[in-house]
Amino acid sequence: MAAPPPPRAAPAPAIGRQRPAPRTADVWPGSPQPLGARFHTGPDGRAGTNFALWAGGAESVEVCLFAPDGTETRAPLTELTHEVWHGFVPGVLPGQRYGYRVGGRWDPWTGGRWNPAKLLLDPYARAVDGDFVLVPEVYGHARDWPEASVADTVRDDRDSAPFVPKGVVVDDDDDWEDDRRPKTPWSDTVIYELHVRGFTRRHPDIPPELRGTYAGLAHPAAIAHLTGLGVTAVELLPVHQFAHEEHLERRGLRNYWGYNSIGYFAPHAAYSASGCGGQQVGEFKRMVRALHAAGIEVILDVVYNHTAEGAQGGPTLSLRGIDNRTYYRLGEDPRGYADYTGCGNTLAVTQPHVLRLITDSLRYWVTEMGVDGFRFDLAAALARSMHDVDMLSPFLAVIAQDPVLRRVKLIAEPWDVGSGGYQVGAFPPLWTEWNDRFRDTVRDFWRGATSDVRDLGYRLSGSSDLYDWGGRRPYASVNFVTAHDGFTLRDLVSHQRKHNEANGEDGRDGTDDNRSWNCGAEGPSDDPAVEALRRRQVRNLLSTLLLSTGVPMLVAGDEMGRTQGGNNNAYCQDNETSWVDWSLLAEPGWAALRDLAARLIALRRAHPVLRSGGFFSGLATAPEGLRDVAWFGAQGRELTDEEWFARSATLGMYLSGADIPHRDARGEPVVDDSFLLIVHAHHRPVAFTLPGMPWGSSYELLLDTAAEEQSAPPRVPPAAAGTAVRVAARSVRLYRAVREGVAAG
């Protein structure tokens, strides 16, 4: 039960004293639009900055300007228009560091947590300088109050300014006229998930001063790896300004992944090689331009579901001190929060000004920073109306009609941790989704935990059981076997259980449902047979991913055997555990894996039947044609209904290149080669009979994962239809089918 409020005639309890007020600056009325700090020329031709902050329930707002030596000057904003406090401060130029102090009623029992002693980061800050130091002064309440159960109701009046970062005024004068967006169609997209710091931190050909930065990712050596693989988009782990949690700092760790956002307009300053006084903005833009010039799109992993302010015992850094009751979903006891994210708070996306903050941020990153799309962390939390996930929610409705956002790539992580939060397959048209059903099915198949081949068939062919509705296409499914969260591809075949000891959480963190198989030994092995099997399993998983219909997503380093030593939750490991180890490319086995990934991506690019833009029907598209997709068992005949629902470690998928279920831009049929994909997960080899006519008269072997070397197709003569070919234990084969003596395309 919530503690009763004190009598309203009595002042709220508090500790500490505010510092004497510093000098003030002249403030002109300015404008309530746009929000944030915007440098421009004032009405008398004098340069300055307009500040505008939405703070609906506040009683006062001051802009605090900081000199290089930390001296503070305050500029009270006395103009209030439609709940926006605003003013123009002449003489404030780009590079100026600033924050806000917002006054109002301290009333935690109704959610009011205004405290002008706390310097607040502007939610619209375009750049941020400095780090948060989580000392008691940064908390709006008396964190060290002796009665812990009511500590959050006692106001702390100690000044937080020396311990928090400041926003930076930035001059946005870039029109992007020289940029050319790749605009890669969804059906042609191959995503590469990477961490700006971790991808470049150990790269030997990037200058040391650029490693771990936006400039490092823009370096020709980094881009050469991406173009050599053939990926079409990078999906960057969070680059919004974020903060480190206190429990990590106490253990000498830091938040590495960045899912702890506090500035939705600012590129994370620690990834800047050129400085933090606004230079990070230009550096990020140059990175985007360099990637675009190489034909690579930039997708941001964004975290709009919660912020770094955490639960009711967390620090007061920005939104909590501006208007806690509006920005966050409060709990039944308004002292606390509704938590659908597992991170202590949830943004109240149904509130108009919160929704505006998010959509303004998204449009900014598209129009002014040049990005091409977004992956929304815990997107189900954004789709909640009052309590339940609602596919007609304000957030989804606004995105659907926005003329900027509806044109970019939108990827949902279609779940959150609240009741009813699992929504795979439920997001509306325009959206693609991370398909964890693909991940789980493919992992289960290759570790021998198969259910029936029907489920595998759906995943290989685009997951029509999940996405064939509302005009959606197979590219609604982002297929992945691994992601940043979980085992790497190599660890997936090397560890039966997680090894997260370095995280310092006594094994409580990270999932126990890894669906992994260690190939007979836990962790590194001296047994050549075990290591050979592991490399083969990695090739199998990689081949299955890149030969499946849908949008494949690779994780940086998986194509060269990166390992995290069995840590399946390396969110706090900003060290060699998480950084890509480029020395692996000097090892023949892992260099061959990189070559295989590049060859498979090139096959996808060359053959539209392998990246179909329409769902397969299992029917012929012309009277004389074949079914566009057909399923075979080892006997070389199509599966019966009974076999389709039966357990099996072997499945053949035939894709007819003459019966592709979509047309080209001129309305003409798309014609391609036909392919037979065989996946065999049993520990013994199988004799697989190649289907006869009309499927093919002979078959040319393009891929056999049983071989270590994968830089080119195996040098074997075509096999005649009806031949029982020996498919090695735990392996993938891909054949090109030749019909009636017609040469392969």
# chains A, B, ... in the order shown; residues from 1 in each chain; ligands from 1
$ select_by_dssp --residues "range 444-493 of chain A" --states "helix (DSSP H, G or I)" --output "list of chain:residue names"
A:Asp444, A:Phe445, A:Trp446, A:Arg447, A:Val453, A:Arg454, A:Asp455, A:Leu456, A:Gly457, A:Tyr458, A:Arg459, A:Leu460, A:Ser464, A:Asp465, A:Leu466, A:Tyr467, A:Pro474, A:Tyr475, A:Ala476, A:Leu489, A:Arg490, A:Asp491, A:Leu492
$ write_last_selection --atoms "N, CA, C and O atoms" --output "mmCIF file, in the first residue's frame"
data_model
loop_
_atom_site.group_PDB
_atom_site.id
_atom_site.type_symbol
_atom_site.label_atom_id
_atom_site.label_comp_id
_atom_site.auth_asym_id
_atom_site.auth_seq_id
_atom_site.Cartn_x
_atom_site.Cartn_y
_atom_site.Cartn_z
ATOM 1 N N ASP A 444 16.896 -26.029 -33.256
ATOM 2 C CA ASP A 444 16.421 -27.349 -32.844
ATOM 3 C C ASP A 444 16.738 -28.404 -33.893
ATOM 4 O O ASP A 444 17.163 -29.521 -33.564
ATOM 5 N N PHE A 445 16.525 -28.060 -35.152
ATOM 6 C CA PHE A 445 16.768 -29.041 -36.217
ATOM 7 C C PHE A 445 18.219 -29.500 -36.207
ATOM 8 O O PHE A 445 18.506 -30.706 -36.234
ATOM 9 N N TRP A 446 19.145 -28.556 -36.125
ATOM 10 C CA TRP A 446 20.550 -28.931 -36.243
ATOM 11 C C TRP A 446 21.120 -29.533 -34.964
ATOM 12 O O TRP A 446 22.177 -30.166 -34.994
ATOM 13 N N ARG A 447 20.435 -29.389 -33.834
ATOM 14 C CA ARG A 447 20.895 -30.086 -32.623
ATOM 15 C C ARG A 447 20.153 -31.403 -32.428
ATOM 16 O O ARG A 447 20.361 -32.094 -31.431
ATOM 17 N N VAL A 453 8.768 -31.956 -39.833
ATOM 18 C CA VAL A 453 9.424 -31.205 -40.899
ATOM 19 C C VAL A 453 8.562 -30.050 -41.385
ATOM 20 O O VAL A 453 9.058 -29.125 -42.029
ATOM 21 N N ARG A 454 7.269 -30.089 -41.071
ATOM 22 C CA ARG A 454 6.386 -29.003 -41.482
ATOM 23 C C ARG A 454 6.889 -27.663 -40.938
ATOM 24 O O ARG A 454 6.939 -26.665 -41.665
ATOM 25 N N ASP A 455 7.275 -27.628 -39.662
ATOM 26 C CA ASP A 455 7.728 -26.374 -39.066
ATOM 27 C C ASP A 455 8.999 -25.879 -39.750
ATOM 28 O O ASP A 455 9.132 -24.695 -40.066
ATOM 29 N N LEU A 456 9.932 -26.790 -40.022
ATOM 30 C CA LEU A 456 11.146 -26.400 -40.721
ATOM 31 C C LEU A 456 10.816 -25.906 -42.127
ATOM 32 O O LEU A 456 11.382 -24.910 -42.598
ATOM 33 N N GLY A 457 9.893 -26.579 -42.797
ATOM 34 C CA GLY A 457 9.503 -26.159 -44.134
ATOM 35 C C GLY A 457 8.960 -24.744 -44.168
ATOM 36 O O GLY A 457 9.275 -23.950 -45.067
ATOM 37 N N TYR A 458 8.130 -24.401 -43.194
ATOM 38 C CA TYR A 458 7.612 -23.040 -43.120
ATOM 39 C C TYR A 458 8.750 -22.037 -42.955
ATOM 40 O O TYR A 458 8.748 -20.966 -43.578
ATOM 41 N N ARG A 459 9.718 -22.340 -42.101
ATOM 42 C CA ARG A 459 10.801 -21.383 -41.864
ATOM 43 C C ARG A 459 11.689 -21.225 -43.099
ATOM 44 O O ARG A 459 12.107 -20.117 -43.433
ATOM 45 N N LEU A 460 11.975 -22.327 -43.785
ATOM 46 C CA LEU A 460 12.819 -22.249 -44.977
ATOM 47 C C LEU A 460 12.161 -21.441 -46.092
ATOM 48 O O LEU A 460 12.848 -20.798 -46.893
ATOM 49 N N SER A 464 5.176 -18.403 -44.081
ATOM 50 C CA SER A 464 3.850 -17.959 -44.514
ATOM 51 C C SER A 464 2.792 -18.200 -43.448
ATOM 52 O O SER A 464 1.764 -17.513 -43.421
ATOM 53 N N ASP A 465 3.011 -19.172 -42.563
ATOM 54 C CA ASP A 465 2.041 -19.409 -41.492
ATOM 55 C C ASP A 465 1.946 -18.232 -40.541
ATOM 56 O O ASP A 465 0.932 -18.049 -39.860
ATOM 57 N N LEU A 466 3.000 -17.403 -40.494
ATOM 58 C CA LEU A 466 3.001 -16.240 -39.618
ATOM 59 C C LEU A 466 2.672 -14.944 -40.351
ATOM 60 O O LEU A 466 2.035 -14.049 -39.774
ATOM 61 N N TYR A 467 3.076 -14.825 -41.606
ATOM 62 C CA TYR A 467 3.069 -13.519 -42.256
ATOM 63 C C TYR A 467 2.203 -13.408 -43.503
ATOM 64 O O TYR A 467 2.085 -12.302 -44.047
ATOM 65 N N PRO A 474 7.173 -12.259 -47.854
ATOM 66 C CA PRO A 474 8.133 -13.050 -47.073
ATOM 67 C C PRO A 474 9.165 -12.194 -46.345
ATOM 68 O O PRO A 474 9.685 -12.594 -45.298
ATOM 69 N N TYR A 475 9.462 -11.005 -46.874
ATOM 70 C CA TYR A 475 10.447 -10.169 -46.211
ATOM 71 C C TYR A 475 9.887 -9.513 -44.949
ATOM 72 O O TYR A 475 10.576 -8.710 -44.305
ATOM 73 N N ALA A 476 8.651 -9.850 -44.562
ATOM 74 C CA ALA A 476 8.184 -9.466 -43.228
ATOM 75 C C ALA A 476 8.943 -10.228 -42.150
ATOM 76 O O ALA A 476 8.927 -9.832 -40.975
ATOM 77 N N LEU A 489 27.486 -17.688 -33.034
ATOM 78 C CA LEU A 489 27.290 -18.904 -33.819
ATOM 79 C C LEU A 489 28.276 -19.994 -33.400
ATOM 80 O O LEU A 489 27.913 -21.173 -33.267
ATOM 81 N N ARG A 490 29.503 -19.615 -33.157
ATOM 82 C CA ARG A 490 30.510 -20.593 -32.728
ATOM 83 C C ARG A 490 30.195 -21.133 -31.337
ATOM 84 O O ARG A 490 30.330 -22.331 -31.080
ATOM 85 N N ASP A 491 29.775 -20.248 -30.433
ATOM 86 C CA ASP A 491 29.443 -20.699 -29.083
ATOM 87 C C ASP A 491 28.207 -21.587 -29.074
ATOM 88 O O ASP A 491 28.070 -22.454 -28.192
ATOM 89 N N LEU A 492 27.320 -21.380 -30.036
ATOM 90 C CA LEU A 492 26.100 -22.185 -30.113
ATOM 91 C C LEU A 492 26.421 -23.660 -30.332
ATOM 92 O O LEU A 492 25.655 -24.537 -29.909
#
$ closest_residue --among "A:Pro123, A:Pro22, A:Gly112, A:Gly722" --to "His353 in chain A" --atoms "only C-alpha atoms"
A:Pro123
$ residues_around --residues "Glu700 in chain A" --least-positions-apart "4" --cutoff "12 Å" --atoms "only C-alpha atoms" --output "JSON, numbers by chain"
{"A": [673, 674, 675, 676, 677, 690, 696, 704, 713, 714, 715, 716, 717, 718, 719, 720, 721, 725, 733, 734, 735, 736, 737, 738, 739, 743, 744, 745]}
$ closest_residue --among "A:Asp664, A:Gln279, A:Arg535, A:Gly420" --to "Arg730 in chain A" --atoms "only C-alpha atoms"
A:Arg535
$ select_by_dssp --residues "range 266-406 of chain A" --states "strand (DSSP E or B)" --output "ChimeraX atom specification"
/A:266-267,297-302,328,330,337,347,373-376,384,389
$ write_last_selection --atoms "N, CA and C atoms" --output "mmCIF file, in the first residue's frame"
data_model
loop_
_atom_site.group_PDB
_atom_site.id
_atom_site.type_symbol
_atom_site.label_atom_id
_atom_site.label_comp_id
_atom_site.auth_asym_id
_atom_site.auth_seq_id
_atom_site.Cartn_x
_atom_site.Cartn_y
_atom_site.Cartn_z
ATOM 1 N N ALA A 266 20.816 12.457 -29.784
ATOM 2 C CA ALA A 266 22.268 12.626 -29.725
ATOM 3 C C ALA A 266 23.002 11.329 -30.026
ATOM 4 N N PRO A 267 23.925 11.331 -31.002
ATOM 5 C CA PRO A 267 24.787 10.160 -31.182
ATOM 6 C C PRO A 267 25.696 9.986 -29.964
ATOM 7 N N GLU A 297 23.050 0.368 -46.491
ATOM 8 C CA GLU A 297 22.106 1.148 -45.710
ATOM 9 C C GLU A 297 22.461 1.095 -44.226
ATOM 10 N N VAL A 298 21.951 2.079 -43.478
ATOM 11 C CA VAL A 298 22.207 2.175 -42.044
ATOM 12 C C VAL A 298 20.878 2.078 -41.301
ATOM 13 N N ILE A 299 20.741 1.050 -40.477
ATOM 14 C CA ILE A 299 19.558 0.831 -39.653
ATOM 15 C C ILE A 299 19.974 0.977 -38.201
ATOM 16 N N LEU A 300 19.207 1.724 -37.421
ATOM 17 C CA LEU A 300 19.523 1.927 -36.013
ATOM 18 C C LEU A 300 18.653 1.045 -35.135
ATOM 19 N N ASP A 301 19.266 0.407 -34.167
ATOM 20 C CA ASP A 301 18.536 -0.299 -33.107
ATOM 21 C C ASP A 301 18.174 0.764 -32.068
ATOM 22 N N VAL A 302 16.873 1.012 -31.884
ATOM 23 C CA VAL A 302 16.439 2.124 -31.044
ATOM 24 C C VAL A 302 15.640 1.621 -29.850
ATOM 25 N N TYR A 328 6.123 8.880 -18.208
ATOM 26 C CA TYR A 328 6.197 7.458 -17.864
ATOM 27 C C TYR A 328 4.819 6.895 -17.534
ATOM 28 N N LEU A 330 2.824 5.242 -14.988
ATOM 29 C CA LEU A 330 2.924 5.044 -13.557
ATOM 30 C C LEU A 330 2.155 3.801 -13.141
ATOM 31 N N TYR A 337 6.278 2.531 -11.184
ATOM 32 C CA TYR A 337 6.049 2.523 -12.629
ATOM 33 C C TYR A 337 5.478 1.187 -13.091
ATOM 34 N N LEU A 347 8.011 4.054 -21.107
ATOM 35 C CA LEU A 347 7.535 5.348 -21.587
ATOM 36 C C LEU A 347 6.038 5.285 -21.887
ATOM 37 N N GLY A 373 16.525 3.272 -41.643
ATOM 38 C CA GLY A 373 15.516 2.446 -40.993
ATOM 39 C C GLY A 373 15.839 2.247 -39.528
ATOM 40 N N PHE A 374 14.935 1.528 -38.863
ATOM 41 C CA PHE A 374 15.039 1.335 -37.420
ATOM 42 C C PHE A 374 14.607 -0.070 -37.035
ATOM 43 N N ARG A 375 15.260 -0.616 -36.037
ATOM 44 C CA ARG A 375 14.830 -1.832 -35.372
ATOM 45 C C ARG A 375 14.416 -1.421 -33.964
ATOM 46 N N PHE A 376 13.150 -1.667 -33.611
ATOM 47 C CA PHE A 376 12.587 -1.175 -32.364
ATOM 48 C C PHE A 376 12.695 -2.246 -31.283
ATOM 49 N N ARG A 384 1.403 -0.891 -26.851
ATOM 50 C CA ARG A 384 0.372 -1.013 -25.814
ATOM 51 C C ARG A 384 -0.444 0.279 -25.750
ATOM 52 N N VAL A 389 -1.368 -5.007 -25.582
ATOM 53 C CA VAL A 389 -0.791 -4.712 -26.886
ATOM 54 C C VAL A 389 -1.937 -4.531 -27.878
#
$ residues_around --residues "Leu355 in chain A" --least-positions-apart "5" --cutoff "10 Å" --atoms "only C-alpha atoms" --output "PDB file with N, CA, C and O atoms, in the first residue's frame"
ATOM      1  N   TYR A 304      13.044   3.050 -27.466  1.00  0.00           N
ATOM      2  CA  TYR A 304      12.069   4.047 -27.050  1.00  0.00           C
ATOM      3  C   TYR A 304      11.097   3.496 -26.010  1.00  0.00           C
ATOM      4  O   TYR A 304      10.135   4.173 -25.654  1.00  0.00           O
ATOM      5  N   TYR A 327       5.555  11.536 -18.866  1.00  0.00           N
ATOM      6  CA  TYR A 327       6.499  10.786 -19.696  1.00  0.00           C
ATOM      7  C   TYR A 327       6.482   9.283 -19.415  1.00  0.00           C
ATOM      8  O   TYR A 327       6.791   8.494 -20.309  1.00  0.00           O
ATOM      9  N   LEU A 347       8.011   4.054 -21.107  1.00  0.00           N
ATOM     10  CA  LEU A 347       7.535   5.348 -21.587  1.00  0.00           C
ATOM     11  C   LEU A 347       6.038   5.285 -21.887  1.00  0.00           C
ATOM     12  O   LEU A 347       5.536   4.275 -22.403  1.00  0.00           O
ATOM     13  N   ALA A 348       5.344   6.380 -21.600  1.00  0.00           N
ATOM     14  CA  ALA A 348       3.886   6.455 -21.810  1.00  0.00           C
ATOM     15  C   ALA A 348       3.621   6.915 -23.236  1.00  0.00           C
ATOM     16  O   ALA A 348       3.293   8.080 -23.495  1.00  0.00           O
ATOM     17  N   VAL A 349       3.750   5.992 -24.172  1.00  0.00           N
ATOM     18  CA  VAL A 349       3.684   6.339 -25.595  1.00  0.00           C
ATOM     19  C   VAL A 349       2.292   6.798 -26.003  1.00  0.00           C
ATOM     20  O   VAL A 349       2.127   7.425 -27.052  1.00  0.00           O
ATOM     21  N   THR A 350       1.282   6.531 -25.201  1.00  0.00           N
ATOM     22  CA  THR A 350      -0.059   7.002 -25.536  1.00  0.00           C
ATOM     23  C   THR A 350      -0.218   8.497 -25.267  1.00  0.00           C
ATOM     24  O   THR A 350      -1.189   9.101 -25.729  1.00  0.00           O
ATOM     25  N   ASP A 360       9.463  12.729 -33.488  1.00  0.00           N
ATOM     26  CA  ASP A 360      10.422  13.786 -33.859  1.00  0.00           C
ATOM     27  C   ASP A 360      11.830  13.212 -33.939  1.00  0.00           C
ATOM     28  O   ASP A 360      12.610  13.553 -34.837  1.00  0.00           O
ATOM     29  N   SER A 361      12.171  12.360 -32.977  1.00  0.00           N
ATOM     30  CA  SER A 361      13.497  11.731 -32.978  1.00  0.00           C
ATOM     31  C   SER A 361      13.685  10.877 -34.224  1.00  0.00           C
ATOM     32  O   SER A 361      14.711  10.970 -34.913  1.00  0.00           O
ATOM     33  N   LEU A 382       5.767  -0.510 -27.107  1.00  0.00           N
ATOM     34  CA  LEU A 382       5.343   0.710 -27.776  1.00  0.00           C
ATOM     35  C   LEU A 382       3.933   0.588 -28.328  1.00  0.00           C
ATOM     36  O   LEU A 382       3.256   1.596 -28.545  1.00  0.00           O
ATOM     37  N   PRO A 394      -1.847   4.197 -30.761  1.00  0.00           N
ATOM     38  CA  PRO A 394      -1.406   5.486 -31.317  1.00  0.00           C
ATOM     39  C   PRO A 394      -0.038   5.430 -31.983  1.00  0.00           C
ATOM     40  O   PRO A 394       0.157   6.017 -33.048  1.00  0.00           O
ATOM     41  N   PHE A 395       0.895   4.720 -31.387  1.00  0.00           N
ATOM     42  CA  PHE A 395       2.237   4.667 -31.962  1.00  0.00           C
ATOM     43  C   PHE A 395       2.213   4.062 -33.361  1.00  0.00           C
ATOM     44  O   PHE A 395       2.758   4.641 -34.312  1.00  0.00           O
ATOM     45  N   VAL A 398       0.393   6.403 -35.889  1.00  0.00           N
ATOM     46  CA  VAL A 398       1.171   7.572 -36.293  1.00  0.00           C
ATOM     47  C   VAL A 398       2.257   7.177 -37.285  1.00  0.00           C
ATOM     48  O   VAL A 398       2.480   7.860 -38.299  1.00  0.00           O
TER      49      VAL A 398
END
$ residues_around --residues "Thr482 in chain A" --least-positions-apart "5" --cutoff "8 Å" --atoms "only C-alpha atoms" --output "ChimeraX atom specification"
/A:439,487-489,554-555
$ residues_around --residues "Trp257 in chain A" --least-positions-apart "4" --cutoff "8 Å" --atoms "only C-alpha atoms" --output "number ranges by chain"
A: 195, 237-238, 571-572
$ atom_distance --atom1 "CA of Trp186 in chain A" --atom2 "CA of Arg443 in chain A"
24.6 Å
$ residues_around --residues "range 667-671 of chain A" --least-positions-apart "5" --cutoff "8 Å" --atoms "only C-alpha atoms" --output "MDAnalysis selection string"
chainID A and resid 608 657:660 662
$ closest_residue --among "A:Thr110, A:Tyr422, A:Leu410, A:Leu134" --to "Glu332 in chain A" --atoms "only C-alpha atoms"
A:Thr110
$ atom_distance --atom1 "CA of Arg726 in chain A" --atom2 "CA of Ala634 in chain A"
10.3 Å
